[in-house]
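So the structure is just underneath, and the comments pick up after that.
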Amino acid sequence: MIYIKSKQEIERIKQACMIWKKVKHALLTHCKPGVTTLQLDKLANDVCLKNHATASFYQHDGFPSHICISVNEQIIHGVASHYKLKSKDLVTFDVGVTYNGCVCDAAFSVVLDPNNEKANHINEATIDCLNQAILQVKPGNYTGDISYAIQQTAKKHGYQVIKNFGGHGCGLKLHEDPIILCYGKKATGCLLRPGMTICIEPMLMTGSDKYIIDPKNQWTVSASNKQLTCHYEHMVLVNENGCEILTN
């Protein structure tokens with residue numbers, strides 16, 4: 001079901017997004033080599049609790065961590081563990097925050113070594129995909145316009161996009177319609193209307209779009225070829241003039 005949010009609901013969603021930004025700041029501050037993903041997961045939850053919010057992902061469909069922390073070939077749904085971050089790592093944080101009955105969901109990536117050319121390249125390419133996709137968010141356009149922009153921008157940079165996973169509506173629930181895949185055709189899918197809040201999330205893969213789901217935790221999605229991946233996500237409000245990025 002697609003929810004068109006009221007002004008009051010949009011304000012509550014924005015409050016959840018403000019707390020999300022606090023979690024992001026804390027993670028960026030503490031994301032360093034030697035820190036475990038379990039420590040960062042706890043940190044994110046602590047910031048949520050301090051701000052009278054909850055971590056949206058925890059036990060959602062049984063997910064065991066408070067946030068998703070995916071490293072290198074892990075593209076999404078990384079489960080927190082005792083793994084210690086290394087200087088060569090590319091780390092993606094996908095964070096959901098629930099506050100006063102409303103949800104913010106967005107993701108960002110961190111390249112720990114500024115001289116890591118491969119990680120920087122896919123990181124910058126994914127940001128470009130996100131930016132180009134957001135340019136398509138305006139009343140009268142379609143979700144297919146967003147998907148097409150992600151796919152074509154990824155191709156321009158020499159990367160594949162993941163299949164079967166994508167962005168989605170969000171705000172009153174963690175996952176709402178419409179689904180917004182990382183590939184598609186222009187002028188297809190769902191018509192964008194003012195009051196929609198959607199999550200746009202390009203997920204890029206190197207060399208192949210084939211993936212596996214971790215057989216042990218049944219959650220973490222990783223590139224089959226073990227090459228670098230990257231994932232970004234913004235939560236965006238469709239308004240009369242275009243859109244507003246709520247997680248900037």
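All residue names refer to the structure tokens as shown: chains lettered A, B, ... in order, residues numbered from 1 in each chain, ligands numbered from 1 in order.
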
Using 6 Å as the limit and counting only C-alpha atoms, can you tabulate each residue of region 55-166 of chain A that touches region 28-39 of chain A, with its shortest atom-to-atom distance in Å and the two atoms involved, as a Markdown table?
```
| residue | atom | partner | partner_atom | distance |
| --- | --- | --- | --- | --- |
| A:Ala80 | CA | A:Leu38 | CA | 4.7 |
| A:Ser81 | CA | A:Leu38 | CA | 4.9 |
| A:His82 | CA | A:Thr36 | CA | 5.4 |
| A:Tyr83 | CA | A:Thr36 | CA | 5.2 |
| A:Lys84 | CA | A:Thr36 | CA | 4.2 |
| A:Leu85 | CA | A:Pro33 | CA | 4.7 |
| A:Lys86 | CA | A:Pro33 | CA | 4.7 |
| A:Ser87 | CA | A:Pro33 | CA | 5.4 |
```

With region 237-241 of chain A as the partner and 10 Å as the cut-off, tabulate the residues of region 7-110 of chain A that qualify, each row holding the nearest pair of atoms and their distance in Å to one decimal, using only C-alpha atoms, sorted by chain and rising number, as a Markdown table.
```
| residue | atom | partner | partner_atom | distance |
| --- | --- | --- | --- | --- |
| A:Ile10 | CA | A:Leu237 | CA | 8.4 |
| A:Ile13 | CA | A:Leu237 | CA | 9.9 |
| A:Lys14 | CA | A:Leu237 | CA | 9.8 |
```

Residues at most 8 Å from region 158-161 of chain A, counting only C-alpha atoms, excluding those fewer than 4 positions away in the same chain, as a PyMOL selection string? chain A and resi 122+151+154+182-183+202-209

Mind dumping the selected residues with C-alpha atoms as a short mmCIF file (atom, residue, chain, number, x, y, z; two decimals), in the first residue's frame?
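Printed below is selection.cif as written:
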```cif
data_model
loop_
_atom_site.label_atom_id
_atom_site.label_comp_id
_atom_site.auth_asym_id
_atom_site.auth_seq_id
_atom_site.Cartn_x
_atom_site.Cartn_y
_atom_site.Cartn_z
CA ILE A 122 32.88 2.47 -6.38
CA GLN A 151 21.16 1.48 -13.74
CA ALA A 154 26.18 2.48 -12.65
CA CYS A 182 18.08 -0.48 -9.13
CA TYR A 183 17.14 -1.17 -12.74
CA PRO A 202 21.59 2.20 -5.33
CA MET A 203 23.55 -0.99 -4.65
CA LEU A 204 26.58 -1.47 -6.89
CA MET A 205 28.61 -4.58 -7.56
CA THR A 206 31.96 -5.14 -9.29
CA GLY A 207 32.14 -7.40 -12.33
CA SER A 208 28.96 -9.37 -11.76
CA ASP A 209 25.50 -9.03 -10.24
#
```

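The two atoms in question, CA of Val23 (chain A) and CA of Val110 (chain A), are spaced 14.3 Å apart.
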
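Nearest residue to Leu228 (chain A) among A:Leu181, A:Leu172, A:Ile75, A:Leu130 is A:Ile75, counting only C-alpha atoms.
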
Please provide the set of residues having any atom within 10 Å of region 53-59 of chain A, restricted to only C-alpha atoms, with same-chain residues fewer than 4 positions apart removed, written as a PyMOL selection string. chain A and resi 16+19-20+41+44-49+63-68+77+94-105+173-174

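The nearest approach to Cys199 (chain A) among the residues A:Gln218, A:Gln152, A:Gln15, A:Ser147, with only C-alpha atoms taken into account, belongs to A:Ser147.
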
For Met196 (chain A): contacts at 8 Å, only C-alpha atoms, fewer than 2 positions along chain excluded, given as an mmCIF file with N, CA and C atoms, in the first residue's frame:
```cif
data_model
loop_
_atom_site.group_PDB
_atom_site.id
_atom_site.type_symbol
_atom_site.label_atom_id
_atom_site.label_comp_id
_atom_site.auth_asym_id
_atom_site.auth_seq_id
_atom_site.Cartn_x
_atom_site.Cartn_y
_atom_site.Cartn_z
ATOM 1 N N ILE A 2 0.508 2.226 -0.816
ATOM 2 C CA ILE A 2 1.228 3.494 -0.875
ATOM 3 C C ILE A 2 0.551 4.494 0.049
ATOM 4 N N TYR A 3 1.325 5.074 0.948
ATOM 5 C CA TYR A 3 0.805 6.038 1.902
ATOM 6 C C TYR A 3 1.179 7.459 1.471
ATOM 7 N N ILE A 4 0.174 8.304 1.334
ATOM 8 C CA ILE A 4 0.413 9.730 1.132
ATOM 9 C C ILE A 4 0.363 10.376 2.514
ATOM 10 N N LYS A 5 1.495 10.949 2.941
ATOM 11 C CA LYS A 5 1.598 11.418 4.316
ATOM 12 C C LYS A 5 0.975 12.801 4.490
ATOM 13 N N GLY A 169 8.981 2.548 -0.361
ATOM 14 C CA GLY A 169 8.322 3.556 0.443
ATOM 15 C C GLY A 169 8.655 3.342 1.907
ATOM 16 N N LEU A 192 4.766 9.113 -9.160
ATOM 17 C CA LEU A 192 5.174 9.839 -7.968
ATOM 18 C C LEU A 192 4.204 10.982 -7.697
ATOM 19 N N ARG A 193 3.787 11.093 -6.415
ATOM 20 C CA ARG A 193 2.815 12.118 -6.028
ATOM 21 C C ARG A 193 3.299 12.836 -4.768
ATOM 22 N N PRO A 194 2.975 14.107 -4.628
ATOM 23 C CA PRO A 194 3.338 14.840 -3.410
ATOM 24 C C PRO A 194 2.819 14.131 -2.165
ATOM 25 N N ILE A 198 9.927 8.171 0.117
ATOM 26 C CA ILE A 198 10.522 6.981 -0.481
ATOM 27 C C ILE A 198 12.006 6.899 -0.164
ATOM 28 N N LEU A 237 11.308 13.041 0.346
ATOM 29 C CA LEU A 237 9.896 13.452 0.332
ATOM 30 C C LEU A 237 9.568 14.045 -1.028
ATOM 31 N N VAL A 238 8.557 13.505 -1.685
ATOM 32 C CA VAL A 238 8.071 14.103 -2.929
ATOM 33 C C VAL A 238 7.188 15.294 -2.551
ATOM 34 N N ASN A 239 7.506 16.465 -3.086
ATOM 35 C CA ASN A 239 6.672 17.641 -2.817
ATOM 36 C C ASN A 239 6.192 18.251 -4.134
#
```

DSSP on the backbone, then: every residue of region 12-197 of chain A marked strand (DSSP E), written as an MDAnalysis selection string. chainID A and resid 54:55 68:71 74:76 90:99 102:111 160:161 166:169 176:181 197

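Note that the spacing between CA of Glu201 (chain A) and CA of Ile213 (chain A) amounts to 18.9 Å.
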
So that I can check the surroundings of Thr220 (chain A), please list as a PyMOL selection string every protein, DNA and RNA residue that reaches within 7 Å of it, counting only C-alpha atoms and ignoring chain neighbours fewer than 4 positions away. chain A and resi 74+76-79+213-214

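Minimum atom-to-atom distances from A:Gly62, A:Met1, A:Gln136, A:Phe93 to Ala187 (chain A) were compared using only C-alpha atoms, and the lowest value belongs to A:Gln136.
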
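Picture a line from CA of His157 (chain A) to CA of Ile212 (chain A); it runs 23.4 Å.
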
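In this comparison, which uses only C-alpha atoms, the residue of A:Gly184, A:Lys88, A:Ile150, A:Asn72 approaching Asp113 (chain A) most closely is A:Lys88.
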
Within region 82-210 of chain A, find each residue whose DSSP state, derived from the backbone, is alpha helix (DSSP H), and express the selection as a PyMOL selection string. chain A and resi 117-134+143-156

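Omitting Ile245 (chain A) and its sequence neighbours fewer than 2 positions away, and counting only C-alpha atoms, the residues within 8 Å are A:His234, A:Met235, A:Val236, A:Leu237, A:Cys243, A:Thr247, A:Asn248.
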